[in-house]
Every structure is written in C-alpha cells, then in structure tokens.
$ cat query-v7.pdb   # PDB, C-alpha atoms
ATOM      1  CA  MET A   1      27.424   2.457   0.449
ATOM      2  CA  LYS A   2      23.847   2.354  -0.818
ATOM      3  CA  ASP A   3      23.580  -1.330   0.098
ATOM      4  CA  SER A   4      24.730  -0.524   3.636
ATOM      5  CA  LEU A   5      22.113   2.209   3.974
ATOM      6  CA  GLU A   6      19.383  -0.122   2.759
ATOM      7  CA  ILE A   7      20.464  -2.745   5.284
ATOM      8  CA  LEU A   8      20.385  -0.144   8.068
ATOM      9  CA  LYS A   9      16.877   0.977   7.023
ATOM     10  CA  ILE A  10      15.576  -2.585   7.033
ATOM     11  CA  ALA A  11      17.238  -3.290  10.383
ATOM     12  CA  GLY A  12      15.803  -0.107  11.865
ATOM     13  CA  LEU A  13      12.326  -0.969  10.635
ATOM     14  CA  ALA A  14      12.633  -4.478  12.059
ATOM     15  CA  LEU A  15      13.630  -3.067  15.442
ATOM     16  CA  CYS A  16      10.908  -0.428  15.479
ATOM     17  CA  SER A  17       8.072  -2.644  14.242
ATOM     18  CA  PRO A  18       7.404  -4.293  17.631
ATOM     19  CA  LEU A  19       7.303  -0.859  19.284
ATOM     20  CA  ILE A  20       4.909   0.447  16.643
ATOM     21  CA  ALA A  21       2.688  -2.617  17.059
ATOM     22  CA  LEU A  22       2.705  -2.223  20.842
ATOM     23  CA  GLY A  23       1.869   1.472  20.556
ATOM     24  CA  TRP A  24      -1.024   0.666  18.219
ATOM     25  CA  LEU A  25      -2.406  -1.989  20.594
ATOM     26  CA  VAL A  26      -2.383   0.557  23.420
ATOM     27  CA  SER A  27      -3.765   3.446  21.335
ATOM     28  CA  TYR A  28      -6.610   1.531  19.718
ATOM     29  CA  PRO A  29      -8.776   0.901  22.830
ATOM     30  CA  VAL A  30      -8.071   4.419  24.123
ATOM     31  CA  ASN A  31      -9.218   5.886  20.806
ATOM     32  CA  CYS A  32     -12.377   3.760  20.886
ATOM     33  CA  ILE A  33     -13.263   5.171  24.311
ATOM     34  CA  VAL A  34     -12.598   8.772  23.246
ATOM     35  CA  ARG A  35     -14.629   8.370  20.059
ATOM     36  CA  ALA A  36     -17.552   6.877  21.978
ATOM     37  CA  ARG A  37     -17.571   9.860  24.333
ATOM     38  CA  ASN A  38     -17.467  12.330  21.457
ATOM     39  CA  ARG A  39     -19.895  10.533  19.156
ATOM     40  CA  LYS A  40     -22.409  13.391  19.199
ATOM     41  CA  LEU A  41     -19.797  15.745  17.764
ATOM     42  CA  VAL A  42     -19.463  13.577  14.680
ATOM     43  CA  GLU A  43     -23.183  12.882  14.329
ATOM     44  CA  THR A  44     -24.298  16.524  14.612
ATOM     45  CA  PRO A  45     -23.520  18.495  11.414
ATOM     46  CA  LEU A  46     -22.347  22.082  11.474
ATOM     47  CA  GLY A  47     -24.901  22.778   8.772
ATOM     48  CA  GLU A  48     -27.657  20.333   7.908
ATOM     49  CA  PHE A  49     -28.015  16.928   6.315
ATOM     50  CA  VAL A  50     -29.704  16.489   2.950
ATOM     51  CA  GLU A  51     -30.378  13.151   1.299
ATOM     52  CA  VAL A  52     -28.441  12.502  -1.885
ATOM     53  CA  ASP A  53     -28.598   9.112  -3.603
ATOM     54  CA  GLY A  54     -29.818   7.508  -0.396
ATOM     55  CA  HIS A  55     -27.027   8.918   1.800
ATOM     56  CA  ARG A  56     -26.598  11.951   4.039
ATOM     57  CA  MET A  57     -24.599  14.899   2.739
ATOM     58  CA  SER A  58     -23.703  17.774   5.036
ATOM     59  CA  VAL A  59     -24.214  21.297   3.670
ATOM     60  CA  PHE A  60     -23.372  24.521   5.510
ATOM     61  CA  VAL A  61     -25.069  27.765   4.455
ATOM     62  CA  THR A  62     -24.462  31.194   5.940
ATOM     63  CA  GLY A  63     -24.379  34.857   4.976
ATOM     64  CA  HIS A  64     -26.451  36.774   2.470
ATOM     65  CA  GLY A  65     -25.926  38.777  -0.674
ATOM     66  CA  GLU A  66     -26.498  38.971  -4.396
ATOM     67  CA  HIS A  67     -23.789  36.419  -5.203
ATOM     68  CA  THR A  68     -23.447  32.848  -3.917
ATOM     69  CA  ILE A  69     -19.948  31.471  -3.265
ATOM     70  CA  VAL A  70     -19.672  27.673  -3.197
ATOM     71  CA  PHE A  71     -16.524  26.289  -1.566
ATOM     72  CA  LEU A  72     -15.138  22.946  -2.777
ATOM     73  CA  PRO A  73     -12.293  21.233  -0.866
ATOM     74  CA  GLY A  74      -9.084  19.593  -1.942
ATOM     75  CA  LEU A  75      -8.253  15.923  -1.522
ATOM     76  CA  CYS A  76      -8.673  14.432   1.977
ATOM     77  CA  SER A  77     -10.000  17.583   3.643
ATOM     78  CA  THR A  78     -11.068  16.446   7.120
ATOM     79  CA  SER A  79     -13.707  19.158   7.484
ATOM     80  CA  PRO A  80     -14.256  21.553   4.564
ATOM     81  CA  ILE A  81     -16.577  23.684   6.714
ATOM     82  CA  LEU A  82     -13.885  24.250   9.344
ATOM     83  CA  GLU A  83     -11.037  24.465   6.847
ATOM     84  CA  PHE A  84     -12.631  27.309   4.870
ATOM     85  CA  LYS A  85     -13.990  29.068   7.976
ATOM     86  CA  PRO A  86     -11.192  31.683   8.313
ATOM     87  CA  LEU A  87     -11.830  32.759   4.706
ATOM     88  CA  TYR A  88     -15.620  32.692   4.431
ATOM     89  CA  SER A  89     -15.977  34.407   7.823
ATOM     90  CA  LEU A  90     -14.586  37.506   6.103
ATOM     91  CA  LEU A  91     -17.006  37.169   3.181
ATOM     92  CA  GLN A  92     -20.329  36.169   4.742
ATOM     93  CA  ASP A  93     -21.434  39.743   5.423
ATOM     94  CA  GLU A  94     -21.543  40.458   1.683
ATOM     95  CA  PHE A  95     -22.181  37.090   0.036
ATOM     96  CA  ARG A  96     -24.143  33.927   0.598
ATOM     97  CA  ILE A  97     -21.717  31.148   1.528
ATOM     98  CA  VAL A  98     -22.355  27.474   0.761
ATOM     99  CA  VAL A  99     -19.991  24.667   1.799
ATOM    100  CA  PRO A 100     -21.241  21.246   0.665
ATOM    101  CA  GLU A 101     -19.228  18.343   2.087
ATOM    102  CA  LYS A 102     -19.049  15.547  -0.467
ATOM    103  CA  PHE A 103     -19.228  11.938   0.681
ATOM    104  CA  GLY A 104     -16.242  10.938   2.796
ATOM    105  CA  TYR A 105     -15.661  14.523   3.960
ATOM    106  CA  GLY A 106     -16.694  16.391   7.100
ATOM    107  CA  HIS A 107     -19.933  15.148   8.614
ATOM    108  CA  SER A 108     -21.157  13.521   5.389
ATOM    109  CA  ASP A 109     -21.563   9.768   5.090
ATOM    110  CA  ILE A 110     -18.756   7.551   3.847
ATOM    111  CA  VAL A 111     -20.474   5.631   1.061
ATOM    112  CA  LYS A 112     -17.622   3.287   0.045
ATOM    113  CA  GLU A 113     -18.595   3.441  -3.619
ATOM    114  CA  ASN A 114     -16.384   4.063  -6.621
ATOM    115  CA  ARG A 115     -17.413   7.556  -7.717
ATOM    116  CA  ASP A 116     -15.928   9.437 -10.654
ATOM    117  CA  TYR A 117     -15.625  13.219 -10.682
ATOM    118  CA  MET A 118     -18.691  13.806 -12.821
ATOM    119  CA  ASN A 119     -20.713  11.738 -10.377
ATOM    120  CA  THR A 120     -19.468  13.958  -7.562
ATOM    121  CA  VAL A 121     -20.536  17.072  -9.468
ATOM    122  CA  GLU A 122     -24.015  15.614  -9.938
ATOM    123  CA  GLN A 123     -24.236  14.820  -6.220
ATOM    124  CA  TYR A 124     -23.245  18.380  -5.361
ATOM    125  CA  ARG A 125     -25.982  19.649  -7.686
ATOM    126  CA  LYS A 126     -28.580  17.394  -6.061
ATOM    127  CA  ALA A 127     -27.613  18.659  -2.604
ATOM    128  CA  LEU A 128     -27.916  22.307  -3.652
ATOM    129  CA  ALA A 129     -31.231  21.624  -5.390
ATOM    130  CA  ALA A 130     -32.576  19.936  -2.251
ATOM    131  CA  LEU A 131     -31.938  23.188  -0.371
ATOM    132  CA  HIS A 132     -33.421  25.281  -3.225
ATOM    133  CA  ILE A 133     -30.073  26.999  -3.775
ATOM    134  CA  LYS A 134     -29.938  28.145  -7.384
ATOM    135  CA  GLY A 135     -27.050  29.370  -9.487
ATOM    136  CA  PRO A 136     -25.190  30.812 -11.100
ATOM    137  CA  PHE A 137     -22.461  30.217  -8.516
ATOM    138  CA  ILE A 138     -19.024  31.597  -7.844
ATOM    139  CA  PHE A 139     -16.919  28.547  -7.086
ATOM    140  CA  CYS A 140     -13.968  28.793  -4.725
ATOM    141  CA  ALA A 141     -12.074  25.514  -5.007
ATOM    142  CA  HIS A 142      -8.862  24.230  -3.467
ATOM    143  CA  SER A 143      -6.537  21.726  -5.135
ATOM    144  CA  LEU A 144      -8.453  18.762  -6.673
ATOM    145  CA  GLY A 145     -11.679  20.715  -6.254
ATOM    146  CA  GLY A 146     -10.492  22.655  -9.297
ATOM    147  CA  ASN A 147     -11.131  19.637 -11.518
ATOM    148  CA  GLU A 148     -14.721  19.482 -10.279
ATOM    149  CA  VAL A 149     -15.228  23.143 -11.190
ATOM    150  CA  GLU A 150     -13.757  22.534 -14.641
ATOM    151  CA  LEU A 151     -16.266  19.742 -15.227
ATOM    152  CA  TRP A 152     -19.124  21.830 -13.828
ATOM    153  CA  ALA A 153     -18.219  24.758 -16.075
ATOM    154  CA  GLN A 154     -17.923  22.555 -19.168
ATOM    155  CA  HIS A 155     -21.177  20.651 -18.674
ATOM    156  CA  TYR A 156     -23.330  23.292 -16.946
ATOM    157  CA  PRO A 157     -21.841  26.646 -18.026
ATOM    158  CA  ASN A 158     -24.944  28.641 -17.058
ATOM    159  CA  GLU A 159     -24.479  27.557 -13.424
ATOM    160  CA  VAL A 160     -20.918  28.910 -13.158
ATOM    161  CA  GLU A 161     -20.601  32.650 -12.772
ATOM    162  CA  ALA A 162     -16.907  32.610 -11.924
ATOM    163  CA  PHE A 163     -14.098  30.331 -10.738
ATOM    164  CA  VAL A 164     -11.795  31.294  -7.873
ATOM    165  CA  GLY A 165      -8.986  28.758  -7.585
ATOM    166  CA  ILE A 166      -6.870  28.160  -4.481
ATOM    167  CA  ASP A 167      -3.748  26.576  -5.969
ATOM    168  CA  ALA A 168      -6.273  24.535  -7.913
ATOM    169  CA  ASN A 169      -5.346  21.317  -9.654
ATOM    170  CA  LEU A 170      -6.166  21.685 -13.352
ATOM    171  CA  ALA A 171      -6.462  18.890 -15.886
ATOM    172  CA  ASN A 172      -3.983  20.505 -18.278
ATOM    173  CA  TYR A 173      -1.229  20.221 -15.660
ATOM    174  CA  PRO A 174       0.905  17.288 -16.862
ATOM    175  CA  CYS A 175       1.238  14.631 -14.180
ATOM    176  CA  ASP A 176       1.406  10.841 -14.113
ATOM    177  CA  TRP A 177      -2.078   9.984 -12.890
ATOM    178  CA  SER A 178      -2.051   6.574 -14.588
ATOM    179  CA  LYS A 179      -4.270   4.146 -12.739
ATOM    180  CA  ASP A 180      -1.647   1.455 -12.196
ATOM    181  CA  PHE A 181       0.804   3.912 -10.654
ATOM    182  CA  TRP A 182      -1.665   5.314  -8.153
ATOM    183  CA  VAL A 183      -3.229   1.952  -7.328
ATOM    184  CA  ARG A 184       0.152   0.685  -6.178
ATOM    185  CA  HIS A 185       0.992   3.863  -4.311
ATOM    186  CA  TRP A 186      -2.346   4.505  -2.622
ATOM    187  CA  ARG A 187      -3.061   0.887  -1.715
ATOM    188  CA  LEU A 188      -0.218   1.111   0.818
ATOM    189  CA  GLU A 189      -1.205   4.650   1.779
ATOM    190  CA  ALA A 190      -4.810   3.614   2.362
ATOM    191  CA  PHE A 191      -3.735   0.714   4.585
ATOM    192  CA  TRP A 192      -1.501   2.998   6.659
ATOM    193  CA  TYR A 193      -4.198   5.664   6.982
ATOM    194  CA  HIS A 194      -6.662   2.980   8.074
ATOM    195  CA  LEU A 195      -4.324   1.910  10.885
ATOM    196  CA  ARG A 196      -3.764   5.547  11.886
ATOM    197  CA  ARG A 197      -7.477   6.215  12.015
ATOM    198  CA  LEU A 198      -8.207   3.185  14.204
ATOM    199  CA  ALA A 199      -5.451   4.146  16.629
ATOM    200  CA  GLY A 200      -6.324   7.851  16.665
ATOM    201  CA  TRP A 201      -2.842   8.834  15.494
ATOM    202  CA  CYS A 202      -4.379  11.307  13.051
ATOM    203  CA  ARG A 203      -5.770  13.565  15.780
ATOM    204  CA  ASN A 204      -3.033  16.157  15.441
ATOM    205  CA  ASP A 205      -2.986  16.261  11.639
ATOM    206  CA  PHE A 206      -4.214  19.629  10.386
ATOM    207  CA  ARG A 207      -3.925  21.498   7.128
ATOM    208  CA  PRO A 208      -0.729  23.605   7.379
ATOM    209  CA  GLY A 209      -1.478  26.776   9.339
ATOM    210  CA  LEU A 210      -5.049  25.811  10.221
ATOM    211  CA  LYS A 211      -4.462  24.715  13.819
ATOM    212  CA  LYS A 212      -3.637  28.268  14.883
ATOM    213  CA  LEU A 213      -6.856  29.645  13.389
ATOM    214  CA  LEU A 214      -9.519  27.449  14.991
ATOM    215  CA  SER A 215     -11.119  27.744  18.423
ATOM    216  CA  LYS A 216     -10.738  25.011  21.049
ATOM    217  CA  GLU A 217     -14.231  23.738  20.238
ATOM    218  CA  ASP A 218     -13.460  23.623  16.516
ATOM    219  CA  LEU A 219     -10.148  21.873  17.154
ATOM    220  CA  ARG A 220     -11.888  19.221  19.223
ATOM    221  CA  LEU A 221     -14.425  18.611  16.472
ATOM    222  CA  TYR A 222     -11.719  18.558  13.789
ATOM    223  CA  ARG A 223      -9.828  15.860  15.693
ATOM    224  CA  GLU A 224     -12.912  13.666  15.952
ATOM    225  CA  LEU A 225     -13.700  14.101  12.265
ATOM    226  CA  SER A 226     -10.112  13.091  11.498
ATOM    227  CA  CYS A 227     -10.750   9.779  13.240
ATOM    228  CA  LYS A 228     -13.886   9.384  11.141
ATOM    229  CA  ASN A 229     -12.542  10.380   7.723
ATOM    230  CA  ASP A 230      -8.768   9.947   7.591
ATOM    231  CA  GLY A 231      -7.857   8.111   4.374
ATOM    232  CA  ASN A 232     -11.313   6.596   3.813
ATOM    233  CA  PHE A 233     -12.335   4.760   0.646
ATOM    234  CA  ASP A 234     -14.199   7.720  -0.850
ATOM    235  CA  THR A 235     -11.008   9.818  -0.981
ATOM    236  CA  TYR A 236      -9.095   6.795  -2.286
ATOM    237  CA  SER A 237     -11.690   6.559  -5.068
ATOM    238  CA  GLU A 238     -10.896  10.125  -6.136
ATOM    239  CA  ILE A 239      -7.275   9.188  -6.773
ATOM    240  CA  LEU A 240      -8.279   6.157  -8.824
ATOM    241  CA  ASN A 241     -10.540   8.315 -11.009
ATOM    242  CA  LYS A 242      -8.176  11.269 -11.476
ATOM    243  CA  ALA A 243      -6.746  10.065 -14.798
ATOM    244  CA  SER A 244     -10.208   9.558 -16.322
ATOM    245  CA  ALA A 245     -11.287  13.001 -15.056
ATOM    246  CA  ASN A 246      -8.285  14.615 -16.748
ATOM    247  CA  GLU A 247      -9.110  12.828 -19.980
ATOM    248  CA  LEU A 248     -12.737  13.962 -19.851
ATOM    249  CA  ILE A 249     -11.832  17.586 -19.098
ATOM    250  CA  ASN A 250      -9.042  17.780 -21.680
ATOM    251  CA  GLY A 251     -11.423  16.409 -24.297
ATOM    252  CA  ARG A 252     -13.285  19.727 -24.215
ATOM    253  CA  ALA A 253     -12.278  23.353 -24.493
ATOM    254  CA  LEU A 254     -11.023  25.117 -21.384
ATOM    255  CA  PRO A 255     -13.749  26.931 -19.425
ATOM    256  CA  THR A 256     -14.118  30.577 -20.401
ATOM    257  CA  GLN A 257     -15.904  31.865 -17.296
ATOM    258  CA  LEU A 258     -14.383  34.707 -15.318
ATOM    259  CA  THR A 259     -11.586  33.433 -13.136
ATOM    260  CA  LEU A 260      -9.288  34.522 -10.330
ATOM    261  CA  GLN A 261      -6.531  32.003  -9.680
ATOM    262  CA  PHE A 262      -4.475  32.144  -6.489
ATOM    263  CA  VAL A 263      -1.291  30.228  -7.321
ATOM    264  CA  ASP A 264       1.559  29.166  -5.058
ATOM    265  CA  VAL A 265       4.915  29.992  -6.650
ATOM    266  CA  PRO A 266       8.557  30.249  -5.522
ATOM    267  CA  GLU A 267       9.273  33.332  -3.445
ATOM    268  CA  TRP A 268      11.742  34.737  -5.948
ATOM    269  CA  TYR A 269       9.116  34.578  -8.699
ATOM    270  CA  ALA A 270       6.453  36.308  -6.628
ATOM    271  CA  LYS A 271       8.938  39.126  -5.970
ATOM    272  CA  GLY A 272       9.778  39.489  -9.652
ATOM    273  CA  GLU A 273      13.366  38.330  -9.205
ATOM    274  CA  ASP A 274      15.376  36.164 -11.562
ATOM    275  CA  GLY A 275      15.598  32.469 -10.781
ATOM    276  CA  LYS A 276      15.166  28.994 -12.159
ATOM    277  CA  PHE A 277      11.974  26.944 -12.046
ATOM    278  CA  GLU A 278      11.772  23.304 -11.195
ATOM    279  CA  PRO A 279       9.980  21.570 -14.126
ATOM    280  CA  HIS A 280       6.828  20.863 -12.103
ATOM    281  CA  GLU A 281       6.689  24.493 -10.926
ATOM    282  CA  GLU A 282       6.782  25.841 -14.467
ATOM    283  CA  ASP A 283       4.149  23.346 -15.613
ATOM    284  CA  TRP A 284       1.928  24.354 -12.673
ATOM    285  CA  ILE A 285       2.105  28.061 -13.494
ATOM    286  CA  ASN A 286       1.639  27.445 -17.230
ATOM    287  CA  ALA A 287      -1.507  25.383 -16.594
ATOM    288  CA  HIS A 288      -3.063  28.255 -14.656
ATOM    289  CA  GLN A 289      -1.916  30.803 -17.220
ATOM    290  CA  GLU A 290      -3.665  28.808 -19.954
ATOM    291  CA  LEU A 291      -6.914  28.856 -17.972
ATOM    292  CA  VAL A 292      -6.604  32.602 -17.389
ATOM    293  CA  ASP A 293      -5.894  33.198 -21.080
ATOM    294  CA  ALA A 294      -8.994  31.199 -22.048
ATOM    295  CA  SER A 295     -11.172  33.234 -19.686
ATOM    296  CA  VAL A 296     -13.080  36.287 -20.852
ATOM    297  CA  ASN A 297     -11.447  38.054 -17.916
ATOM    298  CA  GLY A 298      -8.869  36.128 -15.926
ATOM    299  CA  THR A 299      -6.368  37.079 -13.244
ATOM    300  CA  LEU A 300      -3.442  35.298 -11.591
ATOM    301  CA  SER A 301      -2.620  36.192  -8.001
ATOM    302  CA  TYR A 302       0.702  34.836  -6.789
ATOM    303  CA  SER A 303       1.540  33.551  -3.345
ATOM    304  CA  PHE A 304       4.500  31.734  -1.835
ATOM    305  CA  CYS A 305       3.080  30.495   1.484
ATOM    306  CA  GLY A 306       2.409  26.906   0.392
ATOM    307  CA  HIS A 307      -0.389  24.876  -1.169
ATOM    308  CA  CYS A 308      -3.023  25.783   1.461
ATOM    309  CA  ILE A 309      -3.069  29.502   0.664
ATOM    310  CA  HIS A 310      -6.472  29.928   2.350
ATOM    311  CA  CYS A 311      -4.951  28.930   5.707
ATOM    312  CA  PHE A 312      -2.241  31.612   5.552
ATOM    313  CA  GLU A 313      -3.348  34.502   3.345
ATOM    314  CA  PHE A 314      -7.116  34.381   3.887
ATOM    315  CA  GLU A 315      -7.291  38.121   4.636
ATOM    316  CA  ARG A 316      -5.610  39.037   1.354
ATOM    317  CA  MET A 317      -7.736  36.478  -0.463
ATOM    318  CA  ALA A 318     -10.912  37.961   0.977
ATOM    319  CA  ARG A 319      -9.926  41.462  -0.153
ATOM    320  CA  GLU A 320      -9.082  40.336  -3.667
ATOM    321  CA  MET A 321     -12.194  38.197  -3.945
ATOM    322  CA  LYS A 322     -14.392  41.127  -2.937
ATOM    323  CA  ALA A 323     -12.761  43.348  -5.548
ATOM    324  CA  PHE A 324     -13.061  40.602  -8.177
ATOM    325  CA  ILE A 325     -16.718  39.911  -7.456
ATOM    326  CA  SER A 326     -17.663  43.602  -7.296
ATOM    327  CA  ALA A 327     -16.410  43.926 -10.882
ATOM    328  CA  LEU A 328     -18.546  41.057 -12.225
TER
END

$ encode --input "query-v7.pdb" --output "structure tokens"
Amino acid sequence: MKDSLEILKIAGLALCSPLIALGWLVSYPVNCIVRARNRKLVETPLGEFVEVDGHRMSVFVTGHGEHTIVFLPGLCSTSPILEFKPLYSLLQDEFRIVVPEKFGYGHSDIVKENRDYMNTVEQYRKALAALHIKGPFIFCAHSLGGNEVELWAQHYPNEVEAFVGIDANLANYPCDWSKDFWVRHWRLEAFWYHLRRLAGWCRNDFRPGLKKLLSKEDLRLYRELSCKNDGNFDTYSEILNKASANELINGRALPTQLTLQFVDVPEWYAKGEDGKFEPHEEDWINAHQELVDASVNGTLSYSFCGHCIHCFEFERMAREMKAFISAL
C-alpha cells in the first residue's frame, strides 16, 4: 500500500512539473515588471537607514516615554516594522518604540554573509548607537528573536531592563538544531524560496492574521518586500548558526532580568482543564517556566491563538505590557 502511494506521488509530481515550470516562466517576467514599477517602495525605508559594517540597516523610531521598547522579529519576518505595527501602535503614546530591521529583513540590505547570533546582536547595538539611542531597553522579541535577547542579557546585562517574549524560542528548549540536519533541510527550502521570490509567488504570504490588520498601502509594501526578502541567504544563515547559539547561551546562567513571557499553549491548558501534552508542547512550556523562575520577577501569560500571538491578541498584549512596565 505504501509503495503504491509513493508511486502515485512520484507520478503526480512528474505530471505537475511541466505545469509548474510553465507557470514559473510566465510569472517571472510579470514579477520583474511589477517589481520595477514598485522599486521606490522597497528603496524608501519606513524609518531611516543607518550604516552598520558598511551596509544599510533600517531602523524605525516612534513614540516617546521614559522606557524604550525594542522589537526584535522572528525568523524570516518580511517586514518587522509592519508586522509589529498593530502592537506598537497601542504603545507608542506611552513609550519610545524602536524597530531595528537586521540584515535580510524589511528594508535593510541583504549582505549574504554568514553571521552568527552574537554578530547580529553587535550589529543591532551599532545601529542603536548610531541613532544615539541608549539603554537600558525593554526587549519585545518574537520566536528566534528570543535567542538574541538571551545573548544580549548575558553579555550586556546593564542594557536589558526587561524581556517580553512573544512565544520566544529559548536555548533551553530541546530541539535538534544540529548543523547537518538543517543544512540538508534548508538547502532545499532555500532553493524553493529562491524560485518563489523570482516568480513573485510569495506575494500573498503573510504572518497568520496579519493580512487583516494592515492598510492597502501597507499590504502593497509588504508584498514588494516579500519579493525582496523571501528566503534570502541572511535568514538561511540564522538556521545554520542556531545550534552554536544554543551552545553559547546554555554555557551561561539564564538571564535574571524581569520578564513577561507570552506563550502559546493548547486551548485546554489555557482554560485550566485536564489534558495531555504532546512532548514538544511540554518542553516548550517548561523552557519558558525555567526562564521565569530564574527571573527576579517573571510572569507567564498563556495564549492559544498560534505562534504569532502579536497578530491576534495585540490588544491584550498591549494591556499586559503596560501593566508590567508600570510596575518596573
């Protein structure tokens, strides 16, 4: 039975391949024309460009207040500035908001260099210093951005006032990030994303829930940035360096700064009902609980809307962040 299914899959792929190739040959020139018309959208940053290590990094600054919140994106965020907009729009009246877009993200340059996580932290610091933005900072990080905050807090503790995690990836979460595994997996992924980007097939890919929150102008810009950034080498480099980042972070004590961790959990758990965890779910919650326990004052806030909590529960997040920061 399994052999028959495999044969059918191969046959189906063989039949569809010519159609896919034909579609790509038609889409590619159309995408080139559209991108040429919208070039100014990609070349004009929402914030401003600062020079970091000889390249342009886009940094968006808005709002005012005693505390500075720095937003760091998760892996392959097309436009961190647009992605976090629903959330920081509710915070900018009380706090200064800073959204630096690391290389390969948003309007920033794609540098095509192998960069480890500590290097990324240093580049963030150079960008903030160029704009005379001084800490300590409250970091609000999604997914893999959590690892960057962990490194920042371990190496420059005086610059980290607090850590707000959005289903943040933490180094103490057990996962097979061995280099050989991800090289094999992401080499194929990177090739596919490259083809998608050239053909413009990524134009309708948005973070879950985000498409409904952006204006028509923002959606147009997001689509063009997708065709610039989708699956580029800089994001691929982050995957290749994840295992070494985990090793570096786990070689030191967990950060002790104040923390508020928004964590996606099964619905039954968020409601306090009895149920059974999948192994990865329990490991995910335990990793965040360990960080909270290490903090001088840590809090877990549960959600069951999915990994991109900031695209669904941004109003609740804003309320809880205001209460958390007011108590600092």

$ residues_around --input "query-v7.pdb" --residues "range 298-309 of chain A" --least-positions-apart "6" --cutoff "7 Å" --atoms "all atoms listed in the file" --output "MDAnalysis selection string"
chainID A and resid 166:167 208 258:267 270 292

$ residues_around --input "query-v7.pdb" --residues "Ala129 in chain A" --least-positions-apart "6" --cutoff "12 Å" --atoms "all atoms listed in the file" --output "MDAnalysis selection string"
chainID A and resid 50:52 59 100 122:123 135

$ atom_distance --input "query-v7.pdb" --atom1 "CA of Phe163 in chain A" --atom2 "CA of Glu150 in chain A"
8.7 Å

$ atom_distance --input "query-v7.pdb" --atom1 "CA of Lys40 in chain A" --atom2 "CA of Ala190 in chain A"
26.2 Å

$ resolve_selection --input "query-v7.pdb" --expression "the PyMOL selection byres ((chain A and resi 39) around 12)" --output "ChimeraX atom specification"
/A:31-38,40-45,107,220-221,223-225,227-228

$ resolve_selection --input "query-v7.pdb" --expression "the PyMOL selection byres ((chain A and resi 196) around 10)" --output "ChimeraX atom specification"
/A:24,27-28,190-195,197-203,226-227,230-231

$ resolve_selection --input "query-v7.pdb" --expression "the PyMOL selection byres ((chain A and resi 154-159) around 6)" --output "VMD selection string"
chain A and resid 135 to 137 151 to 153 160

$ closest_residue --input "query-v7.pdb" --among "A:Leu214, A:Leu144, A:Leu240, A:Ala162" --to "Ser326 in chain A" --atoms "all atoms listed in the file"
A:Ala162

$ atom_distance --input "query-v7.pdb" --atom1 "CA of Ile81 in chain A" --atom2 "CA of Gly47 in chain A"
8.6 Å

$ residues_around --input "query-v7.pdb" --residues "Phe95 in chain A" --least-positions-apart "3" --cutoff "7 Å" --atoms "all atoms listed in the file" --output "list in words"
Gly63, His64, Gly65, Glu66, His67, Thr68, Ile69, Leu91 and Gln92 of chain A

$ closest_residue --input "query-v7.pdb" --among "A:Asn147, A:Ser295, A:Asn286, A:Ser58" --to "Glu247 in chain A" --atoms "only C-alpha atoms"
A:Asn147

$ closest_residue --input "query-v7.pdb" --among "A:Ala127, A:Cys140, A:Leu82, A:Val61" --to "Met317 in chain A" --atoms "all atoms listed in the file"
A:Cys140

$ closest_residue --input "query-v7.pdb" --among "A:His310, A:Val70, A:Pro174, A:Ser143" --to "Tyr124 in chain A" --atoms "all atoms listed in the file"
A:Val70

$ residues_near_point --input "query-v7.pdb" --point "(-15.7, 16.2, 5.8)" --cutoff "7 Å" --atoms "all atoms listed in the file" --output "number ranges by chain"
A: 77-80, 101, 104-108, 229

$ write_last_selection --input "query-v7.pdb" --atoms "C-alpha atoms" --output "CSV table (one decimal), in the frame of the given file"
chain,number,residue,atom,x,y,z
A,77,SER,CA,-10.0,17.6,3.6
A,78,THR,CA,-11.1,16.4,7.1
A,79,SER,CA,-13.7,19.2,7.5
A,80,PRO,CA,-14.3,21.6,4.6
A,101,GLU,CA,-19.2,18.3,2.1
A,104,GLY,CA,-16.2,10.9,2.8
A,105,TYR,CA,-15.7,14.5,4.0
A,106,GLY,CA,-16.7,16.4,7.1
A,107,HIS,CA,-19.9,15.1,8.6
A,108,SER,CA,-21.2,13.5,5.4
A,229,ASN,CA,-12.5,10.4,7.7

$ closest_residue --input "query-v7.pdb" --among "A:Ser89, A:Thr62, A:Asn119, A:Asn169" --to "Asn246 in chain A" --atoms "only C-alpha atoms"
A:Asn169

$ build_atoms --input "query-v7.pdb" --residues "range 213-224 of chain A" --atoms "N, CA and C atoms" --output "compact mmCIF listing (two decimals), in the coordinates of the input"
# COMPACT_ATOMS: atom_id res chain seq x y z
N LEU A 213 -5.73 28.79 13.75
CA LEU A 213 -6.86 29.64 13.39
C LEU A 213 -8.17 29.22 14.01
N LEU A 214 -8.26 27.97 14.49
CA LEU A 214 -9.52 27.45 14.99
C LEU A 214 -9.63 27.57 16.50
N SER A 215 -10.86 27.69 16.98
CA SER A 215 -11.12 27.74 18.42
C SER A 215 -10.91 26.36 19.04
N LYS A 216 -10.90 26.30 20.37
CA LYS A 216 -10.74 25.01 21.05
C LYS A 216 -11.86 24.05 20.69
N GLU A 217 -13.09 24.58 20.59
CA GLU A 217 -14.23 23.74 20.24
C GLU A 217 -14.09 23.20 18.82
N ASP A 218 -13.64 24.06 17.90
CA ASP A 218 -13.46 23.62 16.52
C ASP A 218 -12.32 22.61 16.40
N LEU A 219 -11.27 22.82 17.18
CA LEU A 219 -10.15 21.87 17.15
C LEU A 219 -10.58 20.50 17.65
N ARG A 220 -11.39 20.49 18.69
CA ARG A 220 -11.89 19.22 19.22
C ARG A 220 -12.72 18.49 18.18
N LEU A 221 -13.60 19.21 17.51
CA LEU A 221 -14.42 18.61 16.47
C LEU A 221 -13.57 18.13 15.31
N TYR A 222 -12.60 18.92 14.91
CA TYR A 222 -11.72 18.56 13.79
C TYR A 222 -11.00 17.24 14.08
N ARG A 223 -10.53 17.09 15.32
CA ARG A 223 -9.83 15.86 15.69
C ARG A 223 -10.75 14.64 15.58
N GLU A 224 -11.99 14.80 16.02
CA GLU A 224 -12.91 13.67 15.95
C GLU A 224 -13.27 13.33 14.50
